[in-house]
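Structure below is model-v4.cif: mmCIF, C-alpha atoms.
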data_input
loop_
_atom_site.group_PDB
_atom_site.id
_atom_site.type_symbol
_atom_site.label_atom_id
_atom_site.label_comp_id
_atom_site.auth_asym_id
_atom_site.auth_seq_id
_atom_site.Cartn_x
_atom_site.Cartn_y
_atom_site.Cartn_z
ATOM 1 C CA MET Y 1 91.621 69.980 95.668
ATOM 2 C CA ILE Y 2 92.226 72.682 98.265
ATOM 3 C CA PRO Y 3 89.063 73.096 100.363
ATOM 4 C CA ILE Y 4 87.395 76.510 100.383
ATOM 5 C CA PRO Y 5 87.838 77.030 104.181
ATOM 6 C CA ALA Y 6 91.621 77.023 103.666
ATOM 7 C CA PHE Y 7 91.292 80.108 101.470
ATOM 8 C CA LEU Y 8 88.851 81.686 103.907
ATOM 9 C CA VAL Y 9 91.141 81.153 106.896
ATOM 10 C CA LEU Y 10 94.061 82.575 104.925
ATOM 11 C CA ALA Y 11 91.938 85.607 104.056
ATOM 12 C CA GLY Y 12 91.024 85.952 107.731
ATOM 13 C CA ILE Y 13 94.692 85.893 108.735
ATOM 14 C CA LEU Y 14 95.542 88.525 106.117
ATOM 15 C CA PHE Y 15 92.630 90.691 107.228
ATOM 16 C CA GLY Y 16 93.732 90.358 110.860
ATOM 17 C CA ILE Y 17 97.300 91.410 110.054
ATOM 18 C CA GLY Y 18 95.954 94.379 108.119
ATOM 19 C CA ALA Y 19 93.563 95.362 110.906
ATOM 20 C CA VAL Y 20 96.243 95.151 113.611
ATOM 21 C CA GLY Y 21 98.641 97.127 111.414
ATOM 22 C CA PHE Y 22 96.039 99.808 110.819
ATOM 23 C CA LEU Y 23 95.344 100.149 114.543
ATOM 24 C CA VAL Y 24 98.931 99.918 115.812
ATOM 25 C CA ARG Y 25 101.067 101.770 113.288
ATOM 26 C CA ARG Y 26 101.074 105.561 113.387
ATOM 27 C CA ASN Y 27 102.635 106.113 109.962
ATOM 28 C CA VAL Y 28 99.842 107.238 107.635
ATOM 29 C CA LEU Y 29 101.472 105.507 104.657
ATOM 30 C CA VAL Y 30 101.601 102.180 106.504
ATOM 31 C CA ALA Y 31 97.979 102.669 107.593
ATOM 32 C CA LEU Y 32 96.952 103.098 103.939
ATOM 33 C CA MET Y 33 98.904 99.981 102.971
ATOM 34 C CA SER Y 34 97.141 98.068 105.757
ATOM 35 C CA ILE Y 35 93.802 99.148 104.277
ATOM 36 C CA GLU Y 36 94.908 97.773 100.908
ATOM 37 C CA LEU Y 37 95.830 94.525 102.651
ATOM 38 C CA MET Y 38 92.382 94.248 104.235
ATOM 39 C CA LEU Y 39 90.663 94.944 100.905
ATOM 40 C CA ASN Y 40 92.784 92.223 99.309
ATOM 41 C CA ALA Y 41 91.755 89.755 102.008
ATOM 42 C CA ILE Y 42 88.083 90.585 101.427
ATOM 43 C CA ASN Y 43 88.520 90.114 97.679
ATOM 44 C CA LEU Y 44 90.007 86.706 98.389
ATOM 45 C CA THR Y 45 86.921 85.685 100.385
ATOM 46 C CA PHE Y 46 84.637 86.881 97.574
ATOM 47 C CA VAL Y 47 86.529 84.856 94.980
ATOM 48 C CA ALA Y 48 86.699 81.805 97.268
ATOM 49 C CA PHE Y 49 82.949 81.896 97.971
ATOM 50 C CA ASN Y 50 82.292 82.294 94.273
ATOM 51 C CA ARG Y 51 84.264 79.091 93.709
ATOM 52 C CA SER Y 52 81.583 77.283 95.723
ATOM 53 C CA PHE Y 53 78.819 78.496 93.400
ATOM 54 C CA PRO Y 54 80.392 78.244 89.966
ATOM 55 C CA ASN Y 55 77.158 78.724 88.007
ATOM 56 C CA GLN Y 56 77.390 82.483 88.531
ATOM 57 C CA HIS Y 57 80.141 85.096 88.713
ATOM 58 C CA THR Y 58 78.796 87.551 91.273
ATOM 59 C CA GLY Y 59 81.736 87.240 93.660
ATOM 60 C CA GLN Y 60 84.318 87.800 90.966
ATOM 61 C CA VAL Y 61 82.459 90.817 89.591
ATOM 62 C CA ILE Y 62 82.212 92.325 93.088
ATOM 63 C CA SER Y 63 85.949 91.737 93.507
ATOM 64 C CA PHE Y 64 86.496 93.587 90.249
ATOM 65 C CA PHE Y 65 84.554 96.580 91.566
ATOM 66 C CA VAL Y 66 86.375 96.440 94.904
ATOM 67 C CA ILE Y 67 89.711 96.592 93.071
ATOM 68 C CA ALA Y 68 88.522 99.618 91.075
ATOM 69 C CA ILE Y 69 87.282 101.425 94.185
ATOM 70 C CA ALA Y 70 90.464 100.524 96.088
ATOM 71 C CA ALA Y 71 92.570 102.112 93.350
ATOM 72 C CA ALA Y 72 90.528 105.311 93.578
ATOM 73 C CA GLU Y 73 90.784 105.223 97.360
ATOM 74 C CA ALA Y 74 94.560 104.805 97.251
ATOM 75 C CA ALA Y 75 94.928 107.749 94.842
ATOM 76 C CA VAL Y 76 92.801 110.099 96.942
ATOM 77 C CA GLY Y 77 94.322 108.851 100.210
ATOM 78 C CA LEU Y 78 97.866 109.419 98.993
ATOM 79 C CA ALA Y 79 96.911 112.883 97.756
ATOM 80 C CA ILE Y 80 95.607 113.659 101.235
ATOM 81 C CA VAL Y 81 98.837 112.282 102.765
ATOM 82 C CA LEU Y 82 100.887 114.576 100.523
ATOM 83 C CA SER Y 83 98.754 117.564 101.452
ATOM 84 C CA PHE Y 84 99.008 116.644 105.145
ATOM 85 C CA PHE Y 85 102.777 116.290 104.837
ATOM 86 C CA ARG Y 86 103.037 119.772 103.301
ATOM 87 C CA LEU Y 87 101.092 121.152 106.228
ATOM 88 C CA ARG Y 88 102.842 119.403 109.142
ATOM 89 C CA LYS Y 89 106.149 118.137 107.682
ATOM 90 C CA THR Y 90 105.512 114.661 109.075
ATOM 91 C CA VAL Y 91 103.446 111.569 108.227
ATOM 92 C CA ARG Y 92 102.555 110.654 111.812
ATOM 93 C CA SER Y 93 98.807 110.405 112.165
ATOM 94 C CA ASP Y 94 99.090 111.747 115.740
ATOM 95 C CA SER Y 95 100.188 115.067 114.265
ATOM 96 C CA ALA Y 96 96.808 115.607 112.617
ATOM 97 C CA ASP Y 97 95.559 117.579 115.626
ATOM 98 C CA LEU Y 98 94.722 121.023 114.211
ATOM 99 C CA LEU Y 99 91.114 120.680 115.388
ATOM 100 C CA LYS Y 100 92.070 119.583 118.886
ATOM 101 C CA ASN Y 101 91.704 122.844 120.827
ATOM 102 C CA MET V 1 95.812 62.361 90.177
ATOM 103 C CA ALA V 2 97.494 62.137 93.575
ATOM 104 C CA GLN V 3 100.542 63.886 92.170
ATOM 105 C CA ALA V 4 98.425 66.726 90.804
ATOM 106 C CA ASP V 5 96.792 67.060 94.203
ATOM 107 C CA LEU V 6 100.188 67.248 95.897
ATOM 108 C CA LEU V 7 101.336 69.907 93.440
ATOM 109 C CA GLU V 8 98.188 71.897 94.115
ATOM 110 C CA ARG V 9 98.823 71.720 97.842
ATOM 111 C CA ILE V 10 102.437 72.833 97.417
ATOM 112 C CA TYR V 11 101.302 75.730 95.214
ATOM 113 C CA PHE V 12 98.691 76.803 97.749
ATOM 114 C CA GLY V 13 101.167 76.529 100.625
ATOM 115 C CA LEU V 14 103.757 78.592 98.760
ATOM 116 C CA CYS V 15 101.259 81.330 97.879
ATOM 117 C CA ALA V 16 99.807 81.348 101.388
ATOM 118 C CA VAL V 17 103.210 81.612 103.088
ATOM 119 C CA LEU V 18 104.273 84.356 100.678
ATOM 120 C CA ALA V 19 101.014 86.270 101.225
ATOM 121 C CA VAL V 20 101.217 86.082 105.018
ATOM 122 C CA ALA V 21 104.942 86.921 105.095
ATOM 123 C CA GLY V 22 104.341 89.891 102.804
ATOM 124 C CA ALA V 23 101.461 91.072 104.970
ATOM 125 C CA ILE V 24 103.549 90.842 108.148
ATOM 126 C CA GLY V 25 106.368 92.700 106.404
ATOM 127 C CA THR V 26 103.979 95.431 105.239
ATOM 128 C CA VAL V 27 102.821 96.009 108.780
ATOM 129 C CA ALA V 28 106.100 95.476 110.639
ATOM 130 C CA PHE V 29 108.851 97.171 108.594
ATOM 131 C CA PRO V 30 109.615 100.638 109.975
ATOM 132 C CA ASN V 31 110.669 101.783 106.509
ATOM 133 C CA PRO V 32 107.575 102.275 104.321
ATOM 134 C CA ILE V 33 109.518 101.468 101.139
ATOM 135 C CA ARG V 34 110.169 97.977 102.472
ATOM 136 C CA GLY V 35 106.529 97.902 103.514
ATOM 137 C CA ALA V 36 105.412 98.731 99.973
ATOM 138 C CA LEU V 37 107.644 96.022 98.494
ATOM 139 C CA SER V 38 106.287 93.498 101.020
ATOM 140 C CA LEU V 39 102.789 94.560 99.969
ATOM 141 C CA LEU V 40 103.844 93.798 96.399
ATOM 142 C CA PHE V 41 104.845 90.266 97.454
ATOM 143 C CA SER V 42 101.526 89.776 99.198
ATOM 144 C CA ILE V 43 99.579 91.033 96.167
ATOM 145 C CA VAL V 44 101.424 88.774 93.733
ATOM 146 C CA ALA V 45 100.792 85.796 96.029
ATOM 147 C CA ILE V 46 97.081 86.628 96.197
ATOM 148 C CA ALA V 47 97.004 86.833 92.395
ATOM 149 C CA GLY V 48 98.449 83.320 92.422
ATOM 150 C CA LEU V 49 95.624 82.200 94.714
ATOM 151 C CA TYR V 50 93.094 83.753 92.305
ATOM 152 C CA LEU V 51 94.578 81.579 89.580
ATOM 153 C CA GLN V 52 94.072 78.543 91.780
ATOM 154 C CA LEU V 53 90.438 79.566 92.336
ATOM 155 C CA HIS V 54 89.879 79.680 88.542
ATOM 156 C CA ALA V 55 89.751 83.473 88.334
ATOM 157 C CA PRO V 56 92.413 84.277 85.717
ATOM 158 C CA PHE V 57 90.755 87.573 84.762
ATOM 159 C CA LEU V 58 90.870 88.795 88.353
ATOM 160 C CA ALA V 59 94.468 87.613 88.725
ATOM 161 C CA ALA V 60 95.443 89.721 85.710
ATOM 162 C CA ILE V 61 93.481 92.728 86.994
ATOM 163 C CA GLN V 62 95.094 92.283 90.413
ATOM 164 C CA LEU V 63 98.584 92.327 88.908
ATOM 165 C CA ILE V 64 97.854 95.272 86.604
ATOM 166 C CA VAL V 65 95.979 97.482 89.056
ATOM 167 C CA TYR V 66 97.622 96.623 92.369
ATOM 168 C CA ALA V 67 101.159 95.608 91.479
ATOM 169 C CA GLY V 68 101.334 97.926 88.488
ATOM 170 C CA ALA V 69 99.544 101.015 89.715
ATOM 171 C CA VAL V 70 98.749 101.153 93.420
ATOM 172 C CA VAL V 71 102.128 99.959 94.748
ATOM 173 C CA VAL V 72 103.955 102.200 92.277
ATOM 174 C CA LEU V 73 101.822 105.133 93.426
ATOM 175 C CA PHE V 74 102.753 104.315 97.023
ATOM 176 C CA LEU V 75 106.437 104.216 96.087
ATOM 177 C CA PHE V 76 106.131 107.541 94.246
ATOM 178 C CA VAL V 77 104.591 109.214 97.281
ATOM 179 C CA ILE V 78 107.095 107.669 99.717
ATOM 180 C CA MET V 79 109.980 108.882 97.576
ATOM 181 C CA LEU V 80 108.362 112.293 97.168
ATOM 182 C CA ILE V 81 108.155 112.601 100.941
ATOM 183 C CA GLY V 82 111.746 111.422 101.296
ATOM 184 C CA PRO V 83 113.471 110.580 104.580
ATOM 185 C CA ASP V 84 110.576 112.113 106.533
ATOM 186 C CA ALA V 85 108.506 109.082 105.530
ATOM 187 C CA ILE V 86 110.084 107.342 108.557
ATOM 188 C CA PRO V 87 108.919 109.539 111.429
ATOM 189 C CA PRO V 88 111.074 109.490 114.581
ATOM 190 C CA LYS V 89 109.958 107.111 117.292
ATOM 191 C CA ASP V 90 107.878 108.549 120.073
ATOM 192 C CA SER V 91 105.676 106.885 122.639
ATOM 193 C CA ARG V 92 102.660 109.185 122.505
ATOM 194 C CA ALA V 93 99.322 107.388 122.375
ATOM 195 C CA LEU V 94 100.962 104.142 123.448
ATOM 196 C CA VAL V 95 97.871 103.108 125.413
ATOM 197 C CA ALA V 96 95.667 103.640 122.384
ATOM 198 C CA ARG V 97 98.042 101.633 120.206
ATOM 199 C CA VAL V 98 98.228 98.704 122.630
ATOM 200 C CA THR V 99 94.449 98.720 123.067
ATOM 201 C CA GLY V 100 94.032 98.876 119.305
ATOM 202 C CA GLY V 101 96.423 95.979 118.847
ATOM 203 C CA ILE V 102 94.585 93.815 121.375
ATOM 204 C CA ALA V 103 91.184 94.705 119.930
ATOM 205 C CA GLY V 104 92.395 94.052 116.379
ATOM 206 C CA THR V 105 93.838 90.684 117.342
ATOM 207 C CA ALA V 106 90.606 89.708 119.105
ATOM 208 C CA ILE V 107 88.441 90.720 116.143
ATOM 209 C CA SER V 108 90.645 88.929 113.653
ATOM 210 C CA LEU V 109 90.676 85.755 115.775
ATOM 211 C CA LEU V 110 86.880 85.931 115.769
ATOM 212 C CA VAL V 111 86.862 86.366 111.983
ATOM 213 C CA ILE V 112 89.201 83.390 111.544
ATOM 214 C CA MET V 113 87.039 81.266 113.880
ATOM 215 C CA VAL V 114 83.895 82.092 111.912
ATOM 216 C CA LEU V 115 85.563 81.513 108.549
ATOM 217 C CA SER V 116 87.002 78.135 109.582
ATOM 218 C CA ARG V 117 83.594 76.602 110.314
ATOM 219 C CA LYS V 118 82.989 73.372 108.512
ATOM 220 C CA THR V 119 79.516 74.343 107.318
ATOM 221 C CA PHE V 120 80.724 76.283 104.313
ATOM 222 C CA PRO V 121 79.987 74.695 100.960
ATOM 223 C CA ARG V 122 82.641 72.605 99.316
ATOM 224 C CA ILE V 123 84.227 73.103 95.942
ATOM 225 C CA ALA V 124 81.787 72.415 93.132
ATOM 226 C CA PRO V 125 82.676 71.148 89.672
ATOM 227 C CA ILE V 126 83.076 73.948 87.156
ATOM 228 C CA GLN V 127 82.317 74.568 83.498
ATOM 229 C CA ALA V 128 85.096 75.606 81.149
ATOM 230 C CA ALA V 129 83.754 79.165 80.913
ATOM 231 C CA TYR V 130 84.011 79.779 84.664
ATOM 232 C CA GLY V 131 86.075 82.876 85.410
ATOM 233 C CA SER V 132 86.994 83.501 81.799
ATOM 234 C CA VAL V 133 87.312 87.014 80.431
ATOM 235 C CA GLU V 134 84.350 86.432 78.104
ATOM 236 C CA SER V 135 81.884 85.434 80.786
ATOM 237 C CA ILE V 136 82.872 88.196 83.199
ATOM 238 C CA GLY V 137 82.956 90.804 80.439
ATOM 239 C CA GLU V 138 79.504 89.764 79.279
ATOM 240 C CA LEU V 139 78.225 90.079 82.843
ATOM 241 C CA LEU V 140 79.847 93.494 83.272
ATOM 242 C CA PHE V 141 78.112 94.884 80.196
ATOM 243 C CA THR V 142 74.690 93.354 80.863
ATOM 244 C CA ASP V 143 73.715 92.788 84.500
ATOM 245 C CA TYR V 144 76.314 95.099 86.016
ATOM 246 C CA LEU V 145 76.297 97.849 83.413
ATOM 247 C CA VAL V 146 75.089 100.583 85.793
ATOM 248 C CA PRO V 147 77.666 99.851 88.547
ATOM 249 C CA PHE V 148 80.328 99.639 85.843
ATOM 250 C CA GLU V 149 79.471 103.098 84.478
ATOM 251 C CA VAL V 150 79.126 104.544 87.979
ATOM 252 C CA SER V 151 82.553 103.188 88.927
ATOM 253 C CA SER V 152 84.072 104.776 85.822
ATOM 254 C CA PHE V 153 82.518 108.086 86.869
ATOM 255 C CA LEU V 154 83.862 107.578 90.393
ATOM 256 C CA LEU V 155 87.360 106.900 89.047
ATOM 257 C CA MET V 156 87.225 110.129 87.079
ATOM 258 C CA VAL V 157 86.097 112.084 90.137
ATOM 259 C CA ALA V 158 88.894 110.423 92.145
ATOM 260 C CA ILE V 159 91.489 111.466 89.560
ATOM 261 C CA VAL V 160 90.302 115.072 89.572
ATOM 262 C CA GLY V 161 90.031 115.061 93.368
ATOM 263 C CA ALA V 162 93.496 113.572 93.840
ATOM 264 C CA VAL V 163 95.049 116.180 91.557
ATOM 265 C CA ALA V 164 93.132 119.001 93.254
ATOM 266 C CA VAL V 165 94.091 117.849 96.759
ATOM 267 C CA ALA V 166 97.732 117.019 96.025
ATOM 268 C CA ARG V 167 98.343 120.260 94.146
ATOM 269 C CA GLY V 168 97.612 122.319 97.230
ATOM 270 C CA LYS V 169 96.487 125.926 97.331
ATOM 271 C CA GLN V 170 98.850 127.946 95.205
ATOM 272 C CA PRO V 171 97.698 131.454 94.309
ATOM 273 C CA ASP V 172 97.413 131.986 90.588
ATOM 274 C CA PRO V 173 99.528 135.183 90.397
ATOM 275 C CA GLN V 174 102.469 133.313 91.910
ATOM 276 C CA LEU V 175 102.123 130.589 89.313
ATOM 277 C CA THR V 176 102.195 133.074 86.468
ATOM 278 C CA LYS V 177 104.817 135.352 88.001
ATOM 279 C CA LYS V 178 107.333 132.735 89.018
ATOM 280 C CA PRO V 179 108.909 132.079 85.596
ATOM 281 C CA ASP V 180 109.508 135.836 85.146
ATOM 282 C CA ALA V 181 111.029 136.119 88.610
ATOM 283 C CA ASP V 182 113.337 133.220 87.817
ATOM 284 C CA VAL V 183 114.361 134.580 84.469
ATOM 285 C CA ALA V 184 114.957 138.183 85.515
ATOM 286 C CA PRO V 185 117.810 137.641 88.068
ATOM 287 C CA ALA V 186 119.501 135.205 85.719
ATOM 288 C CA ALA V 187 119.425 137.804 82.973
ATOM 289 C CA GLU V 188 120.839 140.415 85.317
ATOM 290 C CA GLU V 189 123.648 138.154 86.407
ATOM 291 C CA ARG V 190 124.525 137.418 82.848
ATOM 292 C CA GLY V 191 124.524 141.134 82.136
ATOM 293 C CA ALA V 192 126.737 141.863 85.152
ATOM 294 C CA SER V 193 129.315 139.264 84.319
#
Since I need it in another form, could you write the structure as structure tokens?
Amino acid sequence: MIPIPAFLVLAGILFGIGAVGFLVRRNVLVALMSIELMLNAINLTFVAFNRSFPNQHTGQVISFFVIAIAAAEAAVGLAIVLSFFRLRKTVRSDSADLLKN
Amino acid sequence: MAQADLLERIYFGLCAVLAVAGAIGTVAFPNPIRGALSLLFSIVAIAGLYLQLHAPFLAAIQLIVYAGAVVVLFLFVIMLIGPDAIPPKDSRALVARVTGGIAGTAISLLVIMVLSRKTFPRIAPIQAAYGSVESIGELLFTDYLVPFEVSSFLLMVAIVGAVAVARGKQPDPQLTKKPDADVAPAAEERGAS
């Protein structure tokens, strides 16, 4: 049997990679993918915790909802990226500075 | 029994290595197409971990929604954007990026430290119905009916919003005029030749 903390630590590592990627990369597409990575890591913790309390399914159901919301978020986020790209002809998040002055 | 345990460990190790490698690739590849394919690897590996945690329904949903829809959507958008999806290197905001990297690493180390505490409950024995489609479906349509319906409404709003945002502001006259404008010169050329 694999102990639950192994899954949790793995989820923490995945979340950390996603968080660092989101903060360091300036490509909007990569930032969105990093968000997906973090959401996946959180889902993994929900499912792993649920494995410790197998008389209910709350964690798995919450994971289900997170997946649904993440799909909606990806669709809207990519639509915004496309719109942003039409405006500035680049996907660098530094170029989103129309409100700066 | 010992052999089954060893197999389980090998399976977990394989999925974990694949998930972490895919995550690093997602973040590190300069080309977002490679990033999206690395994300696919990571997602498939996490689906494998769901299977190991007795969540076959979630593993299937993960493969259908993430691998089948979200990654494909990412690839569509990257290919729609074309070569500009790899912006040229420039060192603006380098301080902010380095600070962000350090802060992110610190926070994630903290998260890993908290998650690796030994006080978390151990694996408990399970019933046969745990994680099955029947039990989760029953829960979704009884206890979680309202969130389920609200999320369906939210998905619909997201679809409409995504179409509205991605379509951009095109004036209606242009939309209706354009076919005529395209047809007319072609007709003239044909007449001239």
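Selection result for the displayed file, with the PyMOL selection byres ((chain Y and resi 14-24) around 6) as criterion, is Y:Ala11, Y:Gly12, Y:Ile13, Y:Arg25, Y:Ala31, Y:Ser34, Y:Leu37, Y:Met38, Y:Ala41, V:Val27, V:Arg97, V:Gly100, V:Gly101, V:Gly104, V:Ser108.
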C-alpha atoms of the current selection, written as a compact mmCIF listing (two decimals), in the frame of the given file:
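Okay, this is what ended up in again35.txt:
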# COMPACT_ATOMS: atom_id res chain seq x y z
CA ALA Y 11 91.94 85.61 104.06
CA GLY Y 12 91.02 85.95 107.73
CA ILE Y 13 94.69 85.89 108.74
CA ARG Y 25 101.07 101.77 113.29
CA ALA Y 31 97.98 102.67 107.59
CA SER Y 34 97.14 98.07 105.76
CA LEU Y 37 95.83 94.52 102.65
CA MET Y 38 92.38 94.25 104.24
CA ALA Y 41 91.76 89.76 102.01
CA VAL V 27 102.82 96.01 108.78
CA ARG V 97 98.04 101.63 120.21
CA GLY V 100 94.03 98.88 119.30
CA GLY V 101 96.42 95.98 118.85
CA GLY V 104 92.40 94.05 116.38
CA SER V 108 90.64 88.93 113.65
Looking at V:Lys169, V:Glu138, V:Val114, V:Leu155, which one is nearest to chain Y, with distances taken over all atoms listed in the file?
V:Leu155
I'd like the neighbourhood of Val47 in chain Y as a PyMOL selection string, where a residue qualifies if any of its atoms comes within 7 Å (using only C-alpha atoms), though same-chain residues fewer than 4 positions away should be ignored.
chain Y and resi 43+51+59-60
Serialized selection, C-alpha atoms, as a PDB file, keeping the file's coordinate frame:
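out.pdb, written as the output of this step:
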ATOM      1  CA  ASN Y  43      88.520  90.114  97.679  1.00  0.00           C
ATOM      2  CA  ARG Y  51      84.264  79.091  93.709  1.00  0.00           C
ATOM      3  CA  GLY Y  59      81.736  87.240  93.660  1.00  0.00           C
ATOM      4  CA  GLN Y  60      84.318  87.800  90.966  1.00  0.00           C
TER       5      GLN Y  60
END
So which residues touch Asn27 in chain Y within 6 Å, counting only C-alpha atoms, skipping near sequence neighbours fewer than 3 positions away, as a list in words?
Val30, Val91 and Arg92 of chain Y
For range 31-34 of chain V, find every residue with an atom within 9 Å (counting all atoms listed in the file), except residues of its own chain fewer than 3 positions away, and show them as a PyMOL selection string.
(chain Y and resi 27+29-30) or (chain V and resi 25-26+28+37-39+74-75+78-79+85-86)
Let me have the centre and edge lengths in Å, one decimal, of the box along x, y and z around every listed atom of range 40-45 of chain Y with 5 Å of margin on each side, as AutoDock Vina command-line options.
--center_x 89.9 --center_y 89.0 --center_z 99.8 --size_x 15.9 --size_y 16.5 --size_z 14.3
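Applied to the file shown here, the PyMOL selection byres ((chain Y and resi 55) around 10) selects Asn50, Arg51, Ser52, Phe53, Pro54, Gln56, His57 and Thr58 of chain Y; Ala124, Pro125, Ile126, Gln127, Ala129 and Tyr130 of chain V.
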Using all atoms listed in the file, collect all residues at a distance of at most 10 Å from (103.2, 87.3, 102.2) as written in the file, then present them as a list in words.
Leu14 of chain Y; Leu14, Cys15, Ala16, Val17, Leu18, Ala19, Val20, Ala21, Gly22, Ala23, Ile24, Gly25, Thr26, Ser38, Leu39, Leu40, Phe41, Ser42, Ile43, Val44, Ala45 and Ile46 of chain V
Might you pull out every residue within 10 Å of Ile69 in chain Y, with all atoms listed in the file counted and same-chain residues fewer than 4 positions away left off, and present them as a ChimeraX atom specification?
/Y:39,63-65,73-75 /V:151-152,154-155,158
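The spacing separating CA of Leu44 in chain Y from CA of Tyr66 in chain V amounts to 13.9 Å.
The space between CA of Leu78 in chain Y and CA of Val77 in chain V spans 6.9 Å.
With only C-alpha atoms as the atoms that count, the residue of V:Val146, V:Ile112, V:Ile10, V:Val157 with the shortest distance to chain Y is V:Ile112.
Nearest residue to chain Y, choosing from V:Gly68, V:Gly48, V:Gly161, V:Pro83 and counting only C-alpha atoms: V:Gly161.
Take the candidates V:Glu134, V:Arg9, V:Leu51, V:Thr142 and check each one against chain Y using only C-alpha atoms; the shortest distance goes to V:Arg9.
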Evaluate the PyMOL selection byres ((chain V and resi 132) around 10) and record the selected residues as an mmCIF file with C-alpha atoms, keeping the file's coordinate frame, following the chain and residue labels used in the document.
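Below is the file part27.cif, written as the result:
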data_model
loop_
_atom_site.group_PDB
_atom_site.id
_atom_site.type_symbol
_atom_site.label_atom_id
_atom_site.label_comp_id
_atom_site.auth_asym_id
_atom_site.auth_seq_id
_atom_site.Cartn_x
_atom_site.Cartn_y
_atom_site.Cartn_z
ATOM 1 C CA HIS Y 57 80.141 85.096 88.713
ATOM 2 C CA HIS V 54 89.879 79.680 88.542
ATOM 3 C CA ALA V 55 89.751 83.473 88.334
ATOM 4 C CA PRO V 56 92.413 84.277 85.717
ATOM 5 C CA PHE V 57 90.755 87.573 84.762
ATOM 6 C CA LEU V 58 90.870 88.795 88.353
ATOM 7 C CA ALA V 128 85.096 75.606 81.149
ATOM 8 C CA ALA V 129 83.754 79.165 80.913
ATOM 9 C CA TYR V 130 84.011 79.779 84.664
ATOM 10 C CA GLY V 131 86.075 82.876 85.410
ATOM 11 C CA VAL V 133 87.312 87.014 80.431
ATOM 12 C CA GLU V 134 84.350 86.432 78.104
ATOM 13 C CA SER V 135 81.884 85.434 80.786
ATOM 14 C CA ILE V 136 82.872 88.196 83.199
ATOM 15 C CA GLY V 137 82.956 90.804 80.439
#
What gap, in Å, lies between CA of Phe153 in chain V and CA of Tyr50 in chain V?
27.1 Å
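If all atoms listed in the file are the atoms counted, then among V:Ile102, V:Val95, V:Leu139, V:Ala166 the closest residue to chain Y is V:Ala166.
Nearest residue to Phe49 in chain Y among Y:Met1, Y:Ile62, Y:Leu98, Y:Val28 is Y:Ile62, counting all atoms listed in the file.
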For Ser83 in chain Y: contacts at 10 Å, all atoms listed in the file, fewer than 6 positions along chain excluded, given as an mmCIF file with C-alpha atoms, in the frame of the given file:
data_model
loop_
_atom_site.group_PDB
_atom_site.id
_atom_site.type_symbol
_atom_site.label_atom_id
_atom_site.label_comp_id
_atom_site.auth_asym_id
_atom_site.auth_seq_id
_atom_site.Cartn_x
_atom_site.Cartn_y
_atom_site.Cartn_z
ATOM 1 C CA GLY Y 77 94.322 108.851 100.210
ATOM 2 C CA LYS Y 89 106.149 118.137 107.682
ATOM 3 C CA VAL V 165 94.091 117.849 96.759
ATOM 4 C CA ALA V 166 97.732 117.019 96.025
ATOM 5 C CA ARG V 167 98.343 120.260 94.146
ATOM 6 C CA GLY V 168 97.612 122.319 97.230
ATOM 7 C CA LYS V 169 96.487 125.926 97.331
#
